[in-house]
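Engineer: For reference, the file input13.pdb (PDB, C-alpha atoms) is included below:
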ATOM      1  CA  MET A   1     -37.464 -78.662 -47.984
ATOM      2  CA  PHE A   2     -41.005 -77.876 -49.154
ATOM      3  CA  LYS A   3     -41.830 -76.519 -45.692
ATOM      4  CA  ASN A   4     -38.833 -74.164 -45.950
ATOM      5  CA  LEU A   5     -39.825 -73.039 -49.448
ATOM      6  CA  GLU A   6     -43.251 -71.909 -48.171
ATOM      7  CA  LYS A   7     -41.684 -68.716 -46.830
ATOM      8  CA  ALA A   8     -39.315 -68.165 -49.763
ATOM      9  CA  PRO A   9     -40.010 -65.107 -51.925
ATOM     10  CA  ALA A  10     -40.754 -65.262 -55.647
ATOM     11  CA  GLY A  11     -37.497 -65.703 -57.550
ATOM     12  CA  HIS A  12     -35.875 -67.890 -54.896
ATOM     13  CA  HIS A  13     -34.142 -70.910 -56.476
ATOM     14  CA  GLU A  14     -33.141 -74.375 -55.298
ATOM     15  CA  PRO A  15     -31.139 -76.915 -57.303
ATOM     16  CA  LEU A  16     -33.443 -79.238 -59.251
ATOM     17  CA  ALA A  17     -31.458 -82.300 -58.135
ATOM     18  CA  ASP A  18     -32.128 -81.448 -54.479
ATOM     19  CA  VAL A  19     -35.833 -80.908 -55.131
ATOM     20  CA  LEU A  20     -36.159 -84.197 -57.053
ATOM     21  CA  ASP A  21     -34.654 -85.987 -54.044
ATOM     22  CA  ARG A  22     -37.465 -84.570 -51.883
ATOM     23  CA  VAL A  23     -40.498 -85.081 -54.127
ATOM     24  CA  ARG A  24     -43.023 -86.960 -52.021
ATOM     25  CA  PHE A  25     -43.771 -90.036 -54.101
ATOM     26  CA  ASN A  26     -46.446 -92.263 -52.559
ATOM     27  CA  ALA A  27     -45.969 -95.820 -51.278
ATOM     28  CA  ASP A  28     -45.999 -97.038 -54.896
ATOM     29  CA  GLY A  29     -43.322 -94.503 -55.853
ATOM     30  CA  LEU A  30     -45.788 -92.346 -57.785
ATOM     31  CA  VAL A  31     -47.105 -88.778 -57.816
ATOM     32  CA  PRO A  32     -50.244 -87.594 -59.609
ATOM     33  CA  ALA A  33     -49.457 -85.474 -62.665
ATOM     34  CA  ILE A  34     -52.020 -83.095 -64.155
ATOM     35  CA  ALA A  35     -51.623 -82.187 -67.835
ATOM     36  CA  GLN A  36     -52.946 -78.761 -68.820
ATOM     37  CA  GLN A  37     -52.940 -77.320 -72.339
ATOM     38  CA  GLY A  38     -50.583 -74.349 -72.089
ATOM     39  CA  ASP A  39     -52.476 -71.733 -74.080
ATOM     40  CA  SER A  40     -56.148 -72.546 -73.474
ATOM     41  CA  GLY A  41     -55.696 -73.696 -69.879
ATOM     42  CA  GLU A  42     -57.883 -76.745 -70.531
ATOM     43  CA  VAL A  43     -57.178 -79.591 -68.110
ATOM     44  CA  LEU A  44     -56.539 -82.558 -70.382
ATOM     45  CA  MET A  45     -55.889 -85.537 -68.117
ATOM     46  CA  MET A  46     -54.453 -86.788 -64.856
ATOM     47  CA  ALA A  47     -51.997 -89.669 -64.752
ATOM     48  CA  TRP A  48     -49.052 -90.788 -62.611
ATOM     49  CA  MET A  49     -45.286 -90.342 -62.722
ATOM     50  CA  ASN A  50     -42.530 -92.174 -60.947
ATOM     51  CA  ARG A  51     -39.129 -90.544 -60.537
ATOM     52  CA  GLU A  52     -37.868 -92.019 -63.791
ATOM     53  CA  ALA A  53     -40.873 -90.684 -65.742
ATOM     54  CA  LEU A  54     -40.476 -87.266 -64.159
ATOM     55  CA  GLU A  55     -36.765 -87.129 -64.998
ATOM     56  CA  GLU A  56     -37.347 -88.357 -68.559
ATOM     57  CA  THR A  57     -40.057 -85.713 -69.054
ATOM     58  CA  LEU A  58     -37.659 -82.970 -67.967
ATOM     59  CA  ARG A  59     -34.767 -84.355 -69.981
ATOM     60  CA  THR A  60     -36.604 -84.923 -73.263
ATOM     61  CA  GLY A  61     -39.320 -82.250 -73.125
ATOM     62  CA  ARG A  62     -41.896 -84.894 -73.999
ATOM     63  CA  VAL A  63     -44.252 -85.953 -71.249
ATOM     64  CA  CYS A  64     -43.732 -89.460 -69.923
ATOM     65  CA  TYR A  65     -45.963 -91.115 -67.309
ATOM     66  CA  TRP A  66     -45.920 -94.404 -65.456
ATOM     67  CA  SER A  67     -48.659 -96.743 -66.645
ATOM     68  CA  ARG A  68     -50.041 -98.479 -63.566
ATOM     69  CA  SER A  69     -51.951-100.990 -65.716
ATOM     70  CA  ARG A  70     -48.930-101.934 -67.827
ATOM     71  CA  GLY A  71     -46.318-101.445 -65.098
ATOM     72  CA  ALA A  72     -44.085 -99.567 -67.529
ATOM     73  CA  LEU A  73     -43.031 -96.095 -68.603
ATOM     74  CA  TRP A  74     -45.705 -94.578 -70.817
ATOM     75  CA  ARG A  75     -44.336 -92.098 -73.317
ATOM     76  CA  LYS A  76     -47.558 -90.283 -74.064
ATOM     77  CA  GLY A  77     -48.338 -90.654 -77.744
ATOM     78  CA  GLU A  78     -45.988 -93.574 -78.403
ATOM     79  CA  SER A  79     -48.921 -95.672 -79.693
ATOM     80  CA  SER A  80     -51.331 -92.949 -80.807
ATOM     81  CA  GLY A  81     -48.934 -90.270 -82.040
ATOM     82  CA  GLN A  82     -50.773 -87.770 -79.824
ATOM     83  CA  VAL A  83     -47.725 -86.510 -77.940
ATOM     84  CA  GLN A  84     -47.474 -83.915 -75.217
ATOM     85  CA  GLN A  85     -44.663 -81.425 -75.639
ATOM     86  CA  LEU A  86     -43.705 -79.961 -72.275
ATOM     87  CA  ARG A  87     -43.987 -76.180 -71.891
ATOM     88  CA  SER A  88     -43.268 -76.021 -68.167
ATOM     89  CA  LEU A  89     -43.357 -78.266 -65.135
ATOM     90  CA  HIS A  90     -44.601 -77.255 -61.705
ATOM     91  CA  LEU A  91     -44.759 -78.796 -58.249
ATOM     92  CA  ASP A  92     -47.232 -77.973 -55.519
ATOM     93  CA  CYS A  93     -46.592 -76.628 -52.045
ATOM     94  CA  ASP A  94     -46.025 -79.980 -50.388
ATOM     95  CA  GLY A  95     -44.175 -81.555 -53.297
ATOM     96  CA  ASP A  96     -46.560 -84.411 -53.930
ATOM     97  CA  THR A  97     -48.310 -83.319 -57.156
ATOM     98  CA  VAL A  98     -46.993 -82.338 -60.586
ATOM     99  CA  LEU A  99     -48.624 -79.884 -62.988
ATOM    100  CA  ALA A 100     -47.336 -80.200 -66.565
ATOM    101  CA  LYS A 101     -48.258 -77.400 -68.944
ATOM    102  CA  VAL A 102     -48.108 -78.926 -72.395
ATOM    103  CA  ASP A 103     -48.803 -78.565 -76.066
ATOM    104  CA  GLN A 104     -51.056 -81.505 -76.781
ATOM    105  CA  THR A 105     -51.100 -82.876 -80.311
ATOM    106  CA  GLY A 106     -54.705 -83.825 -81.074
ATOM    107  CA  PRO A 107     -56.730 -85.644 -78.438
ATOM    108  CA  ALA A 108     -55.269 -86.376 -75.015
ATOM    109  CA  CYS A 109     -57.917 -88.973 -74.222
ATOM    110  CA  HIS A 110     -57.759 -92.606 -75.376
ATOM    111  CA  THR A 111     -61.410 -92.210 -76.483
ATOM    112  CA  GLY A 112     -60.265 -89.707 -79.132
ATOM    113  CA  ARG A 113     -61.631 -86.731 -77.198
ATOM    114  CA  ARG A 114     -59.491 -83.689 -76.615
ATOM    115  CA  SER A 115     -59.758 -83.942 -72.780
ATOM    116  CA  CYS A 116     -60.439 -86.915 -70.522
ATOM    117  CA  PHE A 117     -62.847 -84.788 -68.452
ATOM    118  CA  TYR A 118     -65.836 -85.105 -70.779
ATOM    119  CA  LEU A 119     -68.369 -86.121 -68.125
ATOM    120  CA  GLN A 120     -70.117 -83.269 -66.329
ATOM    121  CA  VAL A 121     -72.631 -83.330 -63.519
ATOM    122  CA  ASP A 122     -75.839 -81.588 -64.577
ATOM    123  CA  GLY A 123     -78.415 -81.612 -61.786
ATOM    124  CA  ASP A 124     -79.328 -85.218 -61.071
ATOM    125  CA  GLN A 125     -77.740 -86.373 -64.335
ATOM    126  CA  VAL A 126     -74.229 -86.737 -65.729
ATOM    127  CA  ALA A 127     -73.805 -85.594 -69.314
ATOM    128  CA  VAL A 128     -71.250 -86.431 -71.976
ATOM    129  CA  THR A 129     -69.927 -83.028 -73.056
ATOM    130  CA  SER A 130     -67.827 -83.744 -76.140
ATOM    131  CA  ASP A 131     -67.433 -86.088 -79.072
ATOM    132  CA  PRO A 132     -64.214 -87.735 -80.221
ATOM    133  CA  GLN A 133     -62.039 -85.688 -82.591
ATOM    134  CA  ILE A 134     -60.643 -88.910 -84.026
ATOM    135  CA  ASP A 135     -61.978 -92.467 -83.983
ATOM    136  CA  PRO A 136     -59.879 -94.305 -81.371
ATOM    137  CA  GLU A 137     -59.493 -97.186 -83.814
ATOM    138  CA  THR A 138     -57.586 -94.773 -86.040
ATOM    139  CA  LEU A 139     -55.375 -93.819 -83.101
ATOM    140  CA  TYR A 140     -54.585 -97.279 -81.819
ATOM    141  CA  GLY A 141     -55.151 -99.388 -84.904
ATOM    142  CA  ALA A 142     -57.930-101.942 -85.188
ATOM    143  CA  SER A 143     -56.235-103.735 -88.074
TER
ATOM    144  CA  MET B   1     -70.368 -97.964 -67.017
ATOM    145  CA  PHE B   2     -67.426 -95.669 -67.889
ATOM    146  CA  LYS B   3     -66.377 -98.078 -70.638
ATOM    147  CA  ASN B   4     -69.899 -97.835 -72.101
ATOM    148  CA  LEU B   5     -69.872 -94.041 -71.894
ATOM    149  CA  GLU B   6     -66.727 -93.878 -74.042
ATOM    150  CA  LYS B   7     -68.829 -94.392 -77.156
ATOM    151  CA  ALA B   8     -71.748 -92.204 -76.064
ATOM    152  CA  PRO B   9     -72.295 -89.007 -78.069
ATOM    153  CA  ALA B  10     -72.206 -85.512 -76.582
ATOM    154  CA  GLY B  11     -75.508 -84.846 -74.844
ATOM    155  CA  HIS B  12     -75.991 -88.425 -73.631
ATOM    156  CA  HIS B  13     -77.098 -88.514 -69.972
ATOM    157  CA  GLU B  14     -76.906 -91.039 -67.152
ATOM    158  CA  PRO B  15     -78.492 -90.651 -63.717
ATOM    159  CA  LEU B  16     -76.022 -89.093 -61.258
ATOM    160  CA  ALA B  17     -76.880 -91.685 -58.603
ATOM    161  CA  ASP B  18     -75.810 -94.505 -60.939
ATOM    162  CA  VAL B  19     -72.569 -92.735 -61.836
ATOM    163  CA  LEU B  20     -71.716 -92.061 -58.176
ATOM    164  CA  ASP B  21     -72.123 -95.784 -57.496
ATOM    165  CA  ARG B  22     -69.465 -96.491 -60.120
ATOM    166  CA  VAL B  23     -66.847 -93.833 -59.305
ATOM    167  CA  ARG B  24     -63.567 -95.689 -58.922
ATOM    168  CA  PHE B  25     -62.413 -94.672 -55.468
ATOM    169  CA  ASN B  26     -58.992 -96.111 -54.570
ATOM    170  CA  ALA B  27     -58.278 -98.636 -51.796
ATOM    171  CA  ASP B  28     -58.562 -95.784 -49.264
ATOM    172  CA  GLY B  29     -61.946 -94.770 -50.672
ATOM    173  CA  LEU B  30     -60.542 -91.622 -52.284
ATOM    174  CA  VAL B  31     -60.261 -90.003 -55.710
ATOM    175  CA  PRO B  32     -57.922 -87.136 -56.634
ATOM    176  CA  ALA B  33     -59.793 -83.868 -57.159
ATOM    177  CA  ILE B  34     -58.274 -81.023 -59.169
ATOM    178  CA  ALA B  35     -59.550 -77.503 -58.451
ATOM    179  CA  GLN B  36     -59.397 -75.075 -61.372
ATOM    180  CA  GLN B  37     -60.434 -71.432 -61.271
ATOM    181  CA  GLY B  38     -63.419 -71.263 -63.614
ATOM    182  CA  ASP B  39     -62.680 -68.054 -65.504
ATOM    183  CA  SER B  40     -58.888 -67.887 -65.683
ATOM    184  CA  GLY B  41     -58.353 -71.637 -65.998
ATOM    185  CA  GLU B  42     -55.585 -71.525 -63.396
ATOM    186  CA  VAL B  43     -55.055 -74.874 -61.678
ATOM    187  CA  LEU B  44     -55.265 -74.026 -57.987
ATOM    188  CA  MET B  45     -54.678 -77.261 -56.093
ATOM    189  CA  MET B  46     -55.110 -81.013 -56.010
ATOM    190  CA  ALA B  47     -56.634 -82.766 -53.025
ATOM    191  CA  TRP B  48     -58.733 -85.870 -52.336
ATOM    192  CA  MET B  49     -62.441 -86.618 -52.016
ATOM    193  CA  ASN B  50     -64.227 -89.613 -50.588
ATOM    194  CA  ARG B  51     -67.799 -90.321 -51.608
ATOM    195  CA  GLU B  52     -69.192 -88.250 -48.750
ATOM    196  CA  ALA B  53     -67.068 -85.225 -49.707
ATOM    197  CA  LEU B  54     -68.080 -85.577 -53.350
ATOM    198  CA  GLU B  55     -71.769 -85.761 -52.475
ATOM    199  CA  GLU B  56     -71.531 -82.836 -50.048
ATOM    200  CA  THR B  57     -69.765 -80.753 -52.715
ATOM    201  CA  LEU B  58     -72.571 -81.424 -55.186
ATOM    202  CA  ARG B  59     -75.312 -80.872 -52.602
ATOM    203  CA  THR B  60     -73.997 -77.625 -51.121
ATOM    204  CA  GLY B  61     -72.125 -76.093 -54.064
ATOM    205  CA  ARG B  62     -69.139 -75.531 -51.788
ATOM    206  CA  VAL B  63     -66.134 -77.725 -52.379
ATOM    207  CA  CYS B  64     -65.443 -80.283 -49.664
ATOM    208  CA  TYR B  65     -62.416 -82.594 -49.614
ATOM    209  CA  TRP B  66     -61.229 -85.411 -47.379
ATOM    210  CA  SER B  67     -58.237 -84.422 -45.296
ATOM    211  CA  ARG B  68     -55.902 -87.408 -45.206
ATOM    212  CA  SER B  69     -53.816 -85.829 -42.446
ATOM    213  CA  ARG B  70     -56.797 -85.075 -40.214
ATOM    214  CA  GLY B  71     -58.918 -88.058 -41.279
ATOM    215  CA  ALA B  72     -61.974 -85.828 -41.582
ATOM    216  CA  LEU B  73     -64.079 -83.941 -44.087
ATOM    217  CA  TRP B  74     -62.357 -80.704 -45.031
ATOM    218  CA  ARG B  75     -64.768 -77.991 -46.036
ATOM    219  CA  LYS B  76     -62.328 -75.822 -47.954
ATOM    220  CA  GLY B  77     -62.178 -72.412 -46.291
ATOM    221  CA  GLU B  78     -63.719 -73.490 -42.986
ATOM    222  CA  SER B  79     -60.621 -72.241 -41.112
ATOM    223  CA  SER B  80     -59.275 -69.655 -43.537
ATOM    224  CA  GLY B  81     -62.487 -68.245 -45.018
ATOM    225  CA  GLN B  82     -61.025 -68.877 -48.486
ATOM    226  CA  VAL B  83     -63.903 -70.970 -49.813
ATOM    227  CA  GLN B  84     -64.338 -72.600 -53.201
ATOM    228  CA  GLN B  85     -67.755 -72.106 -54.766
ATOM    229  CA  LEU B  86     -68.446 -74.878 -57.247
ATOM    230  CA  ARG B  87     -69.132 -73.843 -60.852
ATOM    231  CA  SER B  88     -69.175 -77.320 -62.363
ATOM    232  CA  LEU B  89     -67.951 -80.794 -61.567
ATOM    233  CA  HIS B  90     -66.426 -83.196 -64.068
ATOM    234  CA  LEU B  91     -65.241 -86.801 -64.094
ATOM    235  CA  ASP B  92     -62.632 -88.296 -66.357
ATOM    236  CA  CYS B  93     -62.985 -91.132 -68.852
ATOM    237  CA  ASP B  94     -62.314 -93.936 -66.392
ATOM    238  CA  GLY B  95     -64.166 -92.371 -63.476
ATOM    239  CA  ASP B  96     -61.252 -92.119 -61.085
ATOM    240  CA  THR B  97     -60.469 -88.393 -61.105
ATOM    241  CA  VAL B  98     -62.596 -85.318 -60.365
ATOM    242  CA  LEU B  99     -62.147 -81.872 -61.907
ATOM    243  CA  ALA B 100     -63.929 -79.125 -59.971
ATOM    244  CA  LYS B 101     -64.230 -75.766 -61.706
ATOM    245  CA  VAL B 102     -64.574 -73.226 -58.930
ATOM    246  CA  ASP B 103     -64.681 -69.633 -57.907
ATOM    247  CA  GLN B 104     -61.887 -69.397 -55.386
ATOM    248  CA  THR B 105     -62.119 -66.674 -52.759
ATOM    249  CA  GLY B 106     -58.593 -65.345 -52.248
ATOM    250  CA  PRO B 107     -55.709 -67.793 -52.021
ATOM    251  CA  ALA B 108     -56.274 -71.528 -52.484
ATOM    252  CA  CYS B 109     -52.926 -72.406 -50.924
ATOM    253  CA  HIS B 110     -52.289 -72.673 -47.191
ATOM    254  CA  THR B 111     -49.158 -70.548 -47.756
ATOM    255  CA  GLY B 112     -51.382 -67.629 -48.736
ATOM    256  CA  ARG B 113     -50.553 -67.964 -52.425
ATOM    257  CA  ARG B 114     -53.287 -68.024 -55.025
ATOM    258  CA  SER B 115     -52.282 -71.478 -56.362
ATOM    259  CA  CYS B 116     -50.441 -74.360 -54.717
ATOM    260  CA  PHE B 117     -48.355 -74.828 -57.891
ATOM    261  CA  TYR B 118     -45.863 -72.044 -57.205
ATOM    262  CA  LEU B 119     -42.712 -74.098 -57.801
ATOM    263  CA  GLN B 120     -41.499 -74.262 -61.403
ATOM    264  CA  VAL B 121     -38.598 -76.128 -62.917
ATOM    265  CA  ASP B 122     -36.227 -73.717 -64.643
ATOM    266  CA  GLY B 123     -33.277 -75.545 -66.215
ATOM    267  CA  ASP B 124     -31.321 -77.180 -63.404
ATOM    268  CA  GLN B 125     -33.094 -75.069 -60.779
ATOM    269  CA  VAL B 126     -36.560 -74.886 -59.263
ATOM    270  CA  ALA B 127     -37.927 -71.377 -58.787
ATOM    271  CA  VAL B 128     -40.595 -69.959 -56.502
ATOM    272  CA  THR B 129     -42.961 -68.165 -58.897
ATOM    273  CA  SER B 130     -45.309 -66.224 -56.642
ATOM    274  CA  ASP B 131     -45.570 -64.496 -53.299
ATOM    275  CA  PRO B 132     -48.389 -64.910 -50.780
ATOM    276  CA  GLN B 133     -51.396 -62.646 -51.275
ATOM    277  CA  ILE B 134     -52.127 -62.863 -47.560
ATOM    278  CA  ASP B 135     -49.910 -63.756 -44.626
ATOM    279  CA  PRO B 136     -50.916 -67.295 -43.632
ATOM    280  CA  GLU B 137     -50.948 -66.195 -40.002
ATOM    281  CA  THR B 138     -53.813 -63.878 -40.931
ATOM    282  CA  LEU B 139     -55.637 -66.783 -42.582
ATOM    283  CA  TYR B 140     -55.216 -69.327 -39.835
ATOM    284  CA  GLY B 141     -54.684 -67.112 -36.806
ATOM    285  CA  ALA B 142     -51.440 -67.028 -34.868
ATOM    286  CA  SER B 143     -53.105 -65.468 -31.839
TER
END
Could you write out this structure as structure tokens?

Structural biologist:
Amino acid sequence: MFKNLEKAPAGHHEPLADVLDRVRFNADGLVPAIAQQGDSGEVLMMAWMNREALEETLRTGRVCYWSRSRGALWRKGESSGQVQQLRSLHLDCDGDTVLAKVDQTGPACHTGRRSCFYLQVDGDQVAVTSDPQIDPETLYGAS
Amino acid sequence: MFKNLEKAPAGHHEPLADVLDRVRFNADGLVPAIAQQGDSGEVLMMAWMNREALEETLRTGRVCYWSRSRGALWRKGESSGQVQQLRSLHLDCDGDTVLAKVDQTGPACHTGRRSCFYLQVDGDQVAVTSDPQIDPETLYGAS
């Protein structure tokens, strides 16, 4: 299907159900999912979705991932309150990566930083580029 | 190391060589690498880097991936001429994903489209959202 869509003009449509059947999940049943803040374009994080997470995200409009460490659906913000409201969901040319444009409430990163990508190569050093917006103990509860 | 960096303030530095030793490549020796156009913020593509590709990217300032299908380094643009000049390179909080901010010459996608993410969910349909800028036969040569 994705091969056929390569030559399709802008505006061409396919039924979502057919496309979901062809998404190229990896051997673990997962695809990488990039979350991008819709207005600023900032890349916030990269996580993984299985088919169930992808379908829940589309159904509810709130982004849901698959937590590989917990082996469970991960409704972003369910512990921290820092939810991702879905603006639009995109697939790439070979149907094996998701791009979710979102409205992120507060920090996306478990460290309390807005984006997870706060480490930047600077010559022969790597620099921390941002501070937490919120103490992670406030987000996840130390008490 | 990445756990320790979570609490480091903005401006904190670590030697690049030490960080590269700790990047969390997967069982295949790869990390996902997101390419984002530096000025517009458009997410162009997602591909994979092994350590050699990551080091070459940093050394040359031209983005290099690992082609899983060809099992070889993939110097983006080596066939098509559509190179990615590196603006900055970022790692995420747990050191298992790369974000490369780039200047993309022409289309990033092998279909001739600017971005690989040209499929968008629209209700119960998936729509093609852009047309190729260049015929892929021009990029890769049909003759």

Engineer: May I ask which of the residues B:Ser88, B:Thr97, B:Gln125, B:Thr138 is the closest one to Gly112 (chain B), counting only C-alpha atoms?

Structural biologist: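 Smallest distance to Gly112 (chain B) is found for B:Thr138.
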
Engineer: Pick out the closest residue to Ile134 (chain B) from this set: B:Ala53, B:Met46, B:Leu5, B:Ala108. Count all atoms listed in the file.

Structural biologist: B:Ala108

Engineer: List as a list in words the protein and nucleic acid residues near Leu30 (chain A), meaning an atom at most 6 Å away when all atoms listed in the file are counted, but skip any in the same chain fewer than 5 places from it.

Structural biologist: Phe25, Met49 and Asn50 of chain A

Engineer: Take the PyMOL selection byres ((chain B and resi 100) around 12), apply it to the structure above, and return the hits as an MDAnalysis selection string.

Structural biologist: (chainID A and resid 43 117 119:121) or (chainID B and resid 32:38 41:49 54 57:58 61:65 84:92 97:99 101:104)

Engineer: Include C-alpha atoms and write out the residues we just selected as a compact mmCIF listing (two decimals), in the frame of the given file.

Structural biologist:
# COMPACT_ATOMS: atom_id res chain seq x y z
CA VAL A 43 -57.18 -79.59 -68.11
CA PHE A 117 -62.85 -84.79 -68.45
CA LEU A 119 -68.37 -86.12 -68.12
CA GLN A 120 -70.12 -83.27 -66.33
CA VAL A 121 -72.63 -83.33 -63.52
CA PRO B 32 -57.92 -87.14 -56.63
CA ALA B 33 -59.79 -83.87 -57.16
CA ILE B 34 -58.27 -81.02 -59.17
CA ALA B 35 -59.55 -77.50 -58.45
CA GLN B 36 -59.40 -75.08 -61.37
CA GLN B 37 -60.43 -71.43 -61.27
CA GLY B 38 -63.42 -71.26 -63.61
CA GLY B 41 -58.35 -71.64 -66.00
CA GLU B 42 -55.58 -71.53 -63.40
CA VAL B 43 -55.06 -74.87 -61.68
CA LEU B 44 -55.26 -74.03 -57.99
CA MET B 45 -54.68 -77.26 -56.09
CA MET B 46 -55.11 -81.01 -56.01
CA ALA B 47 -56.63 -82.77 -53.02
CA TRP B 48 -58.73 -85.87 -52.34
CA MET B 49 -62.44 -86.62 -52.02
CA LEU B 54 -68.08 -85.58 -53.35
CA THR B 57 -69.76 -80.75 -52.72
CA LEU B 58 -72.57 -81.42 -55.19
CA GLY B 61 -72.12 -76.09 -54.06
CA ARG B 62 -69.14 -75.53 -51.79
CA VAL B 63 -66.13 -77.72 -52.38
CA CYS B 64 -65.44 -80.28 -49.66
CA TYR B 65 -62.42 -82.59 -49.61
CA GLN B 84 -64.34 -72.60 -53.20
CA GLN B 85 -67.76 -72.11 -54.77
CA LEU B 86 -68.45 -74.88 -57.25
CA ARG B 87 -69.13 -73.84 -60.85
CA SER B 88 -69.18 -77.32 -62.36
CA LEU B 89 -67.95 -80.79 -61.57
CA HIS B 90 -66.43 -83.20 -64.07
CA LEU B 91 -65.24 -86.80 -64.09
CA ASP B 92 -62.63 -88.30 -66.36
CA THR B 97 -60.47 -88.39 -61.10
CA VAL B 98 -62.60 -85.32 -60.36
CA LEU B 99 -62.15 -81.87 -61.91
CA LYS B 101 -64.23 -75.77 -61.71
CA VAL B 102 -64.57 -73.23 -58.93
CA ASP B 103 -64.68 -69.63 -57.91
CA GLN B 104 -61.89 -69.40 -55.39

Engineer: In Å to one decimal, how far is CA of Glu6 (chain B) from CA of Gly77 (chain A)?

Structural biologist: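 Result for CA of Gly77 (chain A) versus CA of Glu6 (chain B): 19.0 Å, one decimal.
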
Engineer: Calculated over all atoms listed in the file, which of the candidates B:Cys116, B:Leu139, B:Val23, B:Met1 has the smallest distance to chain A?

Structural biologist: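 Going through B:Cys116, B:Leu139, B:Val23, B:Met1 one by one, the smallest distance to chain A is for B:Cys116.
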
Engineer: Of the candidates B:Ser80, B:Ala72, B:Thr105, B:Asp94, which one gets nearest to chain A if we count all atoms listed in the file?

Structural biologist: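 Closest to chain A, using all atoms listed in the file: B:Asp94.
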
Engineer: When you draw a straight line from CA of Cys93 (chain A) to CA of Tyr118 (chain B), how long is it in Å?

Structural biologist: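 Calculated distance between CA of Cys93 (chain A) and CA of Tyr118 (chain B) is 6.9 Å.
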
Engineer: Which one of A:Gly141, A:Val126, A:Gly11, A:Ala27 sits closest to Gly95 (chain B) if you count all atoms listed in the file?

Structural biologist: A:Val126

Engineer: Report the distance between CA of Arg22 (chain B) and CA of Gln82 (chain A) in Å, rounded to one decimal place.

Structural biologist: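 We find that CA of Arg22 (chain B) and CA of Gln82 (chain A) lie 28.5 Å from each other.
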
Engineer: Fewer than 5 positions away in the same chain doesn't count, so skip those; otherwise give me all residues within 10 Å of Pro136 (chain B), counting all atoms listed in the file, as a list of chain:residue names.

Structural biologist: A:Lys7, B:Ser80, B:Pro107, B:Cys109, B:His110, B:Thr111, B:Gly112, B:Arg113, B:Gly141, B:Ala142

Engineer: Determine the residue set returned by the PyMOL selection byres ((chain A and resi 13) around 6) for the present structure, and present it as a ChimeraX atom specification.

Structural biologist: /A:12,14 /B:126-127
